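K.L.:
Structure file coords.csv, CSV, C-alpha atoms, is pasted below:
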```
chain,number,residue,atom,x,y,z
A,17,MET,CA,160.5,143.4,203.4
A,18,SER,CA,158.8,140.0,203.7
A,19,SER,CA,160.1,137.4,206.1
A,20,LYS,CA,160.7,135.1,203.1
A,21,LEU,CA,163.0,137.6,201.4
A,22,ARG,CA,164.9,138.2,204.7
A,23,ARG,CA,165.5,134.5,205.0
A,24,GLN,CA,166.7,134.3,201.4
A,25,ARG,CA,169.1,137.2,202.0
A,26,ALA,CA,170.3,135.6,205.3
A,27,ARG,CA,171.1,132.3,203.5
A,28,HIS,CA,172.9,134.1,200.7
A,29,PHE,CA,175.0,136.1,203.3
A,30,ASN,CA,175.9,132.9,205.2
A,31,ARG,CA,177.0,131.2,202.0
A,32,LEU,CA,179.1,134.2,201.1
A,33,LEU,CA,180.6,134.4,204.5
A,34,LEU,CA,181.5,130.6,204.4
A,35,PHE,CA,183.1,131.1,201.0
A,36,ILE,CA,185.2,134.0,202.3
A,37,VAL,CA,186.4,132.1,205.3
A,38,ALA,CA,187.3,129.1,203.2
A,39,PHE,CA,189.1,131.3,200.7
A,40,VAL,CA,191.1,133.0,203.4
A,41,PHE,CA,191.9,129.7,205.1
A,42,ALA,CA,193.1,128.3,201.8
A,43,LEU,CA,195.4,131.3,201.3
A,44,ALA,CA,196.8,130.8,204.7
A,45,LEU,CA,197.5,127.1,204.0
A,46,TRP,CA,198.9,127.7,200.5
A,47,PRO,CA,202.6,128.1,201.3
A,48,SER,CA,202.8,124.9,203.3
A,49,VAL,CA,200.6,123.0,200.8
A,50,CYS,CA,202.8,124.2,198.0
A,51,LEU,CA,206.0,123.1,199.8
A,52,GLU,CA,204.5,119.7,200.4
A,53,VAL,CA,203.2,119.3,196.8
A,54,CYS,CA,206.4,120.5,195.2
A,55,ALA,CA,208.5,118.3,197.5
A,56,ALA,CA,206.3,115.3,196.7
A,57,LYS,CA,206.7,115.9,193.0
A,58,ALA,CA,210.5,116.3,193.3
A,59,ASN,CA,210.7,113.2,195.6
A,60,ASN,CA,208.8,111.0,193.1
A,61,SER,CA,210.6,112.2,190.0
A,62,ALA,CA,212.7,109.7,187.9
A,63,ASN,CA,210.8,106.7,189.4
A,64,GLY,CA,211.8,107.5,193.0
A,65,GLU,CA,209.6,105.9,195.7
A,66,SER,CA,208.6,107.9,198.7
A,67,HIS,CA,208.5,106.1,202.1
A,68,PHE,CA,208.2,106.7,205.8
A,69,THR,CA,209.6,104.8,208.7
A,70,THR,CA,209.7,105.6,212.4
A,71,LEU,CA,212.3,106.3,215.1
A,72,ASP,CA,211.3,106.9,218.7
A,73,GLY,CA,207.7,107.2,217.6
A,74,ALA,CA,208.4,110.0,215.0
A,75,ARG,CA,208.1,109.5,211.3
A,76,ILE,CA,211.2,109.8,209.0
A,77,HIS,CA,210.7,110.4,205.3
A,78,TYR,CA,213.0,109.1,202.6
A,79,VAL,CA,213.0,108.4,198.9
A,80,ASN,CA,214.4,105.3,197.2
A,81,TYR,CA,215.8,104.7,193.7
A,82,GLY,CA,216.6,101.1,192.7
A,83,LYS,CA,217.2,97.9,194.5
A,84,GLY,CA,220.0,96.1,196.3
A,85,SER,CA,221.5,95.5,199.8
A,86,GLU,CA,224.0,98.3,199.3
A,87,ALA,CA,223.2,101.9,198.5
A,88,LEU,CA,224.4,105.4,198.2
A,89,VAL,CA,222.8,107.3,201.1
A,90,LEU,CA,222.5,111.1,200.8
A,91,ILE,CA,222.4,113.1,204.0
A,92,HIS,CA,221.5,116.8,203.7
A,93,GLY,CA,222.7,119.7,205.8
A,94,TRP,CA,221.3,122.0,208.5
A,95,THR,CA,217.8,123.5,207.7
A,96,CYS,CA,217.8,121.7,204.4
A,97,ASN,CA,216.0,118.6,203.1
A,98,LEU,CA,216.5,115.7,200.6
A,99,ASP,CA,215.4,118.0,197.7
A,100,ASN,CA,219.0,119.4,197.8
A,101,TRP,CA,220.0,116.2,196.0
A,102,ARG,CA,217.6,116.6,193.2
A,103,ASP,CA,220.3,116.9,190.6
A,104,GLN,CA,222.1,113.8,191.8
A,105,PHE,CA,219.3,111.2,191.7
A,106,ALA,CA,219.2,110.4,188.0
A,107,ASP,CA,223.0,110.2,187.5
A,108,PHE,CA,223.6,108.2,190.7
A,109,ALA,CA,220.6,105.8,190.2
A,110,LYS,CA,221.9,104.8,186.7
A,111,ARG,CA,224.8,103.0,188.5
A,112,ASN,CA,223.5,101.9,191.9
A,113,ARG,CA,220.7,102.1,194.5
A,114,VAL,CA,220.2,105.6,195.9
A,115,ILE,CA,218.4,106.6,199.1
A,116,ALA,CA,218.0,110.2,200.4
A,117,LEU,CA,216.3,111.1,203.7
A,118,ASP,CA,214.8,114.0,205.4
A,119,LEU,CA,216.6,114.1,208.8
A,120,PRO,CA,214.4,114.3,211.8
A,121,GLY,CA,213.0,117.9,212.1
A,122,HIS,CA,213.6,118.6,208.5
A,123,GLY,CA,211.6,118.3,205.2
A,124,GLN,CA,208.6,115.9,205.4
A,125,SER,CA,209.9,114.2,208.6
A,126,ASP,CA,208.2,114.8,211.9
A,127,LYS,CA,209.5,117.7,214.0
A,128,PRO,CA,208.9,116.9,217.7
A,129,GLN,CA,210.3,118.8,220.6
A,130,VAL,CA,213.4,116.6,221.2
A,131,THR,CA,217.2,117.1,221.2
A,132,TYR,CA,218.4,117.1,217.6
A,133,SER,CA,221.9,115.7,218.2
A,134,MET,CA,224.2,114.1,215.7
A,135,ASP,CA,223.5,110.8,217.4
A,136,LEU,CA,219.8,111.1,216.8
A,137,PHE,CA,220.5,111.9,213.1
A,138,ALA,CA,222.8,108.9,212.8
A,139,ARG,CA,220.2,106.6,214.3
A,140,ALA,CA,217.7,108.1,211.8
A,141,VAL,CA,220.0,107.1,209.0
A,142,ASP,CA,220.2,103.6,210.4
A,143,ALA,CA,216.4,103.4,210.8
A,144,VAL,CA,216.0,104.3,207.1
A,145,MET,CA,218.5,101.7,206.1
A,146,ARG,CA,216.9,99.0,208.1
A,147,ASP,CA,213.4,99.9,206.7
A,148,ALA,CA,214.8,99.9,203.2
A,149,LYS,CA,216.7,96.6,203.9
A,150,VAL,CA,220.1,98.2,203.1
A,151,LYS,CA,222.9,96.4,204.8
A,152,ARG,CA,225.8,98.7,203.9
A,153,ALA,CA,226.1,102.1,202.5
A,154,VAL,CA,228.4,104.8,201.1
A,155,LEU,CA,227.3,107.9,203.1
A,156,VAL,CA,227.3,111.3,201.3
A,157,GLY,CA,227.1,114.1,203.9
A,158,HIS,CA,226.7,117.7,203.0
A,159,SER,CA,227.6,120.3,205.6
A,160,MET,CA,226.0,119.0,208.9
A,161,GLY,CA,225.6,115.7,207.1
A,162,THR,CA,229.3,115.2,207.5
A,163,PRO,CA,229.3,114.9,211.3
A,164,VAL,CA,226.1,112.9,211.0
A,165,ALA,CA,228.0,110.4,208.7
A,166,ARG,CA,230.9,110.3,211.0
A,167,GLN,CA,228.7,109.6,214.0
A,168,PHE,CA,227.0,106.9,212.0
A,169,TYR,CA,230.4,105.4,211.3
A,170,ARG,CA,231.2,105.4,215.0
A,171,LYS,CA,228.0,103.6,215.8
A,172,TYR,CA,227.8,101.3,212.8
A,173,PRO,CA,231.3,100.8,211.2
A,174,GLU,CA,230.3,97.5,209.7
A,175,LYS,CA,227.5,99.2,207.8
A,176,THR,CA,229.7,102.0,206.4
A,177,LEU,CA,231.5,101.3,203.1
A,178,ALA,CA,232.8,104.8,202.6
A,179,ILE,CA,232.1,108.5,203.3
A,180,VAL,CA,231.8,111.4,200.9
A,181,ILE,CA,232.3,114.8,202.6
A,182,VAL,CA,230.6,117.7,200.8
A,183,ASP,CA,231.9,120.9,202.2
A,184,GLY,CA,231.5,119.5,205.7
A,185,SER,CA,234.1,119.2,208.4
A,186,LEU,CA,235.9,116.6,210.5
A,187,ARG,CA,237.0,119.4,212.9
A,188,PRO,CA,234.8,121.9,214.9
A,189,PHE,CA,233.1,124.5,212.8
A,190,GLY,CA,234.3,127.3,215.0
A,191,ASP,CA,235.3,128.1,218.6
A,192,LYS,CA,232.9,128.4,221.4
A,193,ALA,CA,232.6,132.2,221.1
A,194,LEU,CA,231.6,132.0,217.4
A,195,MET,CA,229.1,129.3,218.1
A,196,ASP,CA,227.6,131.2,221.0
A,197,ARG,CA,227.1,134.3,218.7
A,198,LEU,CA,225.5,132.2,216.1
A,199,LEU,CA,223.2,130.5,218.6
A,200,ALA,CA,222.2,133.8,220.1
A,201,GLY,CA,220.9,134.9,216.7
A,202,PHE,CA,219.0,131.7,216.1
A,203,ARG,CA,217.4,131.8,219.6
A,204,GLY,CA,216.0,135.3,219.1
A,205,PRO,CA,212.7,136.5,217.6
A,206,ASN,CA,214.4,137.3,214.3
A,207,TYR,CA,215.9,133.9,213.8
A,208,ARG,CA,214.6,133.5,210.3
A,209,ASP,CA,216.6,136.6,209.2
A,210,ALA,CA,219.7,135.2,210.9
A,211,VAL,CA,219.3,131.9,209.1
A,212,GLY,CA,218.7,133.6,205.8
A,213,GLN,CA,221.7,135.9,206.1
A,214,MET,CA,223.9,132.9,206.9
A,215,LEU,CA,222.7,130.9,204.0
A,216,THR,CA,223.1,133.8,201.6
A,217,ALA,CA,226.7,134.4,202.9
A,218,ILE,CA,227.8,130.9,202.2
A,219,SER,CA,226.0,130.5,198.8
A,220,GLY,CA,228.3,130.6,195.7
A,221,PRO,CA,228.2,132.5,192.5
A,222,ASN,CA,226.8,129.6,190.4
A,223,LEU,CA,223.8,128.9,192.6
A,224,SER,CA,220.7,129.3,190.4
A,225,ALA,CA,217.6,131.3,191.4
A,226,ASP,CA,215.6,128.1,191.6
A,227,ALA,CA,218.2,126.4,193.9
A,228,THR,CA,218.3,129.6,196.1
A,229,ALA,CA,214.5,129.5,196.3
A,230,ARG,CA,214.4,125.8,197.3
A,231,ILE,CA,217.1,126.4,200.0
A,232,LYS,CA,215.1,129.3,201.4
A,233,ALA,CA,211.8,127.4,201.4
A,234,SER,CA,213.4,124.6,203.3
A,235,SER,CA,214.9,126.9,205.9
A,236,LEU,CA,211.5,128.6,206.4
A,237,ASN,CA,209.9,125.1,206.9
A,238,THR,CA,212.4,124.2,209.6
A,239,PRO,CA,211.0,125.2,213.1
A,240,GLN,CA,213.1,127.3,215.4
A,241,HIS,CA,213.5,124.6,218.0
A,242,VAL,CA,215.1,122.3,215.4
A,243,ILE,CA,217.3,125.1,214.0
A,244,VAL,CA,218.7,125.8,217.5
A,245,SER,CA,219.0,122.3,218.7
A,246,ALA,CA,220.7,121.0,215.6
A,247,MET,CA,223.2,123.9,215.8
A,248,GLU,CA,223.8,123.0,219.5
A,249,GLY,CA,224.4,119.4,218.3
A,250,MET,CA,227.2,120.6,216.0
A,251,ALA,CA,228.7,122.7,218.8
A,252,ASP,CA,228.8,119.6,221.1
A,253,ALA,CA,232.5,119.0,221.8
A,254,SER,CA,232.0,115.3,222.2
A,255,ILE,CA,231.4,114.7,218.5
A,256,TRP,CA,234.8,116.2,217.5
A,257,GLY,CA,237.1,113.4,218.7
A,258,GLU,CA,240.4,112.3,217.2
A,259,ASP,CA,239.1,108.8,216.5
A,260,LYS,CA,240.0,107.5,213.1
A,261,ILE,CA,237.8,106.8,210.0
A,262,ASN,CA,239.4,103.8,208.5
A,263,ALA,CA,236.9,103.5,205.5
A,264,PRO,CA,237.7,105.3,202.2
A,265,VAL,CA,236.8,109.0,202.3
A,266,LEU,CA,236.3,111.5,199.5
A,267,ALA,CA,236.3,115.2,200.6
A,268,ILE,CA,235.0,117.8,198.1
A,269,MET,CA,235.4,121.2,199.7
A,270,ALA,CA,234.6,124.7,198.5
A,271,LYS,CA,237.7,127.0,198.6
A,272,ASN,CA,237.2,129.9,201.0
A,273,PRO,CA,239.3,132.0,203.4
A,274,PHE,CA,237.7,130.6,206.5
A,275,TYR,CA,239.4,127.2,206.1
A,276,PRO,CA,242.9,127.0,207.7
A,277,PRO,CA,245.8,126.4,205.3
A,278,ASN,CA,246.4,123.0,206.8
A,279,VAL,CA,242.7,121.8,206.4
A,280,GLU,CA,243.7,118.8,204.3
A,281,GLU,CA,246.4,117.7,206.7
A,282,SER,CA,244.0,118.0,209.7
A,283,PHE,CA,241.3,116.0,207.9
A,284,ARG,CA,243.9,113.3,206.8
A,285,ALA,CA,244.9,112.9,210.5
A,286,ILE,CA,241.4,111.5,211.1
A,287,ALA,CA,240.8,109.9,207.7
A,288,PRO,CA,244.1,108.4,206.5
A,289,ASN,CA,242.5,106.8,203.4
A,290,MET,CA,241.2,110.1,202.0
A,291,GLU,CA,241.0,111.7,198.6
A,292,PHE,CA,240.9,115.5,199.1
A,293,GLN,CA,239.6,118.0,196.6
A,294,MET,CA,239.4,121.8,197.0
A,295,TRP,CA,237.1,123.4,194.4
A,296,ASP,CA,237.5,127.0,193.4
A,297,GLY,CA,234.7,129.3,192.3
A,298,VAL,CA,231.9,127.5,194.2
A,299,GLY,CA,230.1,128.1,197.4
A,300,HIS,CA,228.7,125.8,200.1
A,301,PHE,CA,226.1,124.1,198.0
A,302,ILE,CA,228.6,122.4,195.7
A,303,MET,CA,226.2,119.7,194.4
A,304,MET,CA,223.6,122.2,193.5
A,305,GLU,CA,226.0,124.7,191.9
A,306,LYS,CA,228.0,122.3,189.8
A,307,PRO,CA,225.9,119.1,189.7
A,308,LYS,CA,227.5,117.4,186.7
A,309,GLU,CA,231.0,117.9,187.9
A,310,PHE,CA,230.0,116.8,191.4
A,311,ASN,CA,228.3,113.7,190.2
A,312,ALA,CA,231.2,112.7,188.0
A,313,ALA,CA,233.6,113.1,191.0
A,314,VAL,CA,231.5,110.9,193.3
A,315,LEU,CA,231.0,108.2,190.6
A,316,GLN,CA,234.8,108.2,189.9
A,317,PHE,CA,235.5,107.7,193.6
A,318,LEU,CA,233.0,104.8,193.7
A,319,ASP,CA,234.6,103.2,190.6
A,320,LYS,CA,238.2,103.7,191.9
A,321,ASN,CA,237.4,102.0,195.2
A,322,LYS,CA,235.1,99.3,193.6
A,323,LEU,CA,232.2,100.4,195.7
A,324,LEU,CA,228.5,99.5,195.2
A,325,LYS,CA,229.2,97.1,192.3
```
What would you get if you wrote out this structure as structure tokens?

P.N.:
Amino acid sequence: MSSKLRRQRARHFNRLLLFIVAFVFALALWPSVCLEVCAAKANNSANGESHFTTLDGARIHYVNYGKGSEALVLIHGWTCNLDNWRDQFADFAKRNRVIALDLPGHGQSDKPQVTYSMDLFARAVDAVMRDAKVKRAVLVGHSMGTPVARQFYRKYPEKTLAIVIVDGSLRPFGDKALMDRLLAGFRGPNYRDAVGQMLTAISGPNLSADATARIKASSLNTPQHVIVSAMEGMADASIWGEDKINAPVLAIMAKNPFYPPNVEESFRAIAPNMEFQMWDGVGHFIMMEKPKEFNAAVLQFLDKNKLLK
């Protein structure tokens, strides 16, 4: 074989090797790229504007719909992201300004090695509001978003018009023994399985396959250090005080046997000006399972209390 032919074959082999490496690298990147592209498409639907601001040097992602100094601010739950509110954007934005954020450590926000406390999350909500030039807000908090909204109210009562609780709690989620068992699973090597089992257990009968897939994708995109630290933040006894919420509150809860029979009474002791609803036949992700009914209930609450008008 001539030296010229050997050089040609070598060049061909190198090009082929480069293509294979690039192809394998692209396959390895595909899940995260897909999540980012899909999230970007969802976040920019219905004329939503995607923005980033910073808190303590880390980026926080949010989307904005509309204008005005007051807004409906949507706060997602543990291991989730702002895409959970996809079915709310259009209906809510017809009436008023809407902002949804990815809490630190979640979604497209940065995920540094820090303590993911309810106080950090509340400061992130404030950072987004300041960046968006929103002076006052109605906070809608799903699950973990409820103690986040409550902590925001503690720190910034003058910026809080009202709070909407979406299957969240004003009382501890469980006793120390239960939280320790949960945290043990999330700290272990099979933490993704533990998270998946928990999310499956609390999902309701009306959750679509698409919604289930989006919830799973978000949990897989949440690093273990965020999962553990945010759960530790919810287990922190200091956030479960008896201090009152004097703003109007709407609680939309999913009926399940784990809530004590006096749950409404116990909530009302903290939020005297509260409208309480317990929905049957739904799971934890109420706004994704029954979006039209959920949207109507929130809008009715806003109208009744003359909020964001």

K.L.:
Taking into account only C-alpha atoms, which residue in the set A:Gly93, A:Gly73, A:Gly257, A:Gly204 is nearest to Ile231 of chain A?

P.N.:
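Among the listed residues, A:Gly93 lies closest to Ile231 of chain A.
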
K.L.:
I need the residue nearest Met294 of chain A from this list: A:Asp209, A:Arg230, A:Gly184, A:Asn262. Use all atoms listed in the file for the distance.

P.N.:
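That would be A:Gly184, the residue with the smallest distance to Met294 of chain A.
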
K.L.:
Looking at A:Leu199, A:Leu177, A:Ala106, A:Val298, which one is nearest to Leu223 of chain A, with distances taken over all atoms listed in the file?

P.N.:
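Ranked by minimum distance to Leu223 of chain A, first place goes to A:Val298.
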
K.L.:
Would you work out the distance separating atom CA of Leu90 of chain A from atom CA of Pro273 of chain A, expressed in Å to one decimal?

P.N.:
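Spanning atom CA of Leu90 of chain A to atom CA of Pro273 of chain A is a straight-line distance of 26.9 Å.
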
K.L.:
Show me, as a short mmCIF file (atom, residue, chain, number, x, y, z; two decimals) with C-alpha atoms, in the coordinates of the input, the residues that have an atom within 8 Å of segment 119-124 of chain A when counting only C-alpha atoms, minus same-chain residues fewer than 4 positions from it.

P.N.:
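Heads up, here's the output in selection-v5.cif:
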```cif
data_model
loop_
_atom_site.label_atom_id
_atom_site.label_comp_id
_atom_site.auth_asym_id
_atom_site.auth_seq_id
_atom_site.Cartn_x
_atom_site.Cartn_y
_atom_site.Cartn_z
CA GLU A 52 204.50 119.70 200.40
CA ARG A 75 208.10 109.50 211.30
CA ILE A 76 211.20 109.80 209.00
CA HIS A 77 210.70 110.40 205.30
CA ILE A 91 222.40 113.10 204.00
CA HIS A 92 221.50 116.80 203.70
CA THR A 95 217.80 123.50 207.70
CA CYS A 96 217.80 121.70 204.40
CA ASN A 97 216.00 118.60 203.10
CA LEU A 98 216.50 115.70 200.60
CA PRO A 128 208.90 116.90 217.70
CA TYR A 132 218.40 117.10 217.60
CA PHE A 137 220.50 111.90 213.10
CA ALA A 140 217.70 108.10 211.80
CA VAL A 141 220.00 107.10 209.00
CA SER A 234 213.40 124.60 203.30
CA ASN A 237 209.90 125.10 206.90
CA THR A 238 212.40 124.20 209.60
CA PRO A 239 211.00 125.20 213.10
CA VAL A 242 215.10 122.30 215.40
#
```

K.L.:
(225.3, 116.5, 202.5) in this file's frame - what residues fall within 12 Å of it? Use only C-alpha atoms and give the answer as an MDAnalysis selection string.

P.N.:
chainID A and resid 88:101 104 116:119 155:166 179:185 267:269 300:304

K.L.:
Store the residues of this selection in a file with C-alpha atoms, as a compact mmCIF listing (two decimals), in the frame of the given file.

P.N.:
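Just written: result.txt:
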```txt
# COMPACT_ATOMS: atom_id res chain seq x y z
CA LEU A 88 224.40 105.40 198.20
CA VAL A 89 222.80 107.30 201.10
CA LEU A 90 222.50 111.10 200.80
CA ILE A 91 222.40 113.10 204.00
CA HIS A 92 221.50 116.80 203.70
CA GLY A 93 222.70 119.70 205.80
CA TRP A 94 221.30 122.00 208.50
CA THR A 95 217.80 123.50 207.70
CA CYS A 96 217.80 121.70 204.40
CA ASN A 97 216.00 118.60 203.10
CA LEU A 98 216.50 115.70 200.60
CA ASP A 99 215.40 118.00 197.70
CA ASN A 100 219.00 119.40 197.80
CA TRP A 101 220.00 116.20 196.00
CA GLN A 104 222.10 113.80 191.80
CA ALA A 116 218.00 110.20 200.40
CA LEU A 117 216.30 111.10 203.70
CA ASP A 118 214.80 114.00 205.40
CA LEU A 119 216.60 114.10 208.80
CA LEU A 155 227.30 107.90 203.10
CA VAL A 156 227.30 111.30 201.30
CA GLY A 157 227.10 114.10 203.90
CA HIS A 158 226.70 117.70 203.00
CA SER A 159 227.60 120.30 205.60
CA MET A 160 226.00 119.00 208.90
CA GLY A 161 225.60 115.70 207.10
CA THR A 162 229.30 115.20 207.50
CA PRO A 163 229.30 114.90 211.30
CA VAL A 164 226.10 112.90 211.00
CA ALA A 165 228.00 110.40 208.70
CA ARG A 166 230.90 110.30 211.00
CA ILE A 179 232.10 108.50 203.30
CA VAL A 180 231.80 111.40 200.90
CA ILE A 181 232.30 114.80 202.60
CA VAL A 182 230.60 117.70 200.80
CA ASP A 183 231.90 120.90 202.20
CA GLY A 184 231.50 119.50 205.70
CA SER A 185 234.10 119.20 208.40
CA ALA A 267 236.30 115.20 200.60
CA ILE A 268 235.00 117.80 198.10
CA MET A 269 235.40 121.20 199.70
CA HIS A 300 228.70 125.80 200.10
CA PHE A 301 226.10 124.10 198.00
CA ILE A 302 228.60 122.40 195.70
CA MET A 303 226.20 119.70 194.40
CA MET A 304 223.60 122.20 193.50
```

K.L.:
At what distance in Å, to one decimal, does atom CA of Phe108 of chain A lie from atom CA of Val314 of chain A?

P.N.:
8.7 Å

K.L.:
Which residue gives the smallest distance to Asn222 of chain A among A:Glu86, A:Glu305, A:Glu258, A:Asp296, with only C-alpha atoms counted?

P.N.:
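Among A:Glu86, A:Glu305, A:Glu258, A:Asp296, it is A:Glu305 that comes nearest to Asn222 of chain A.
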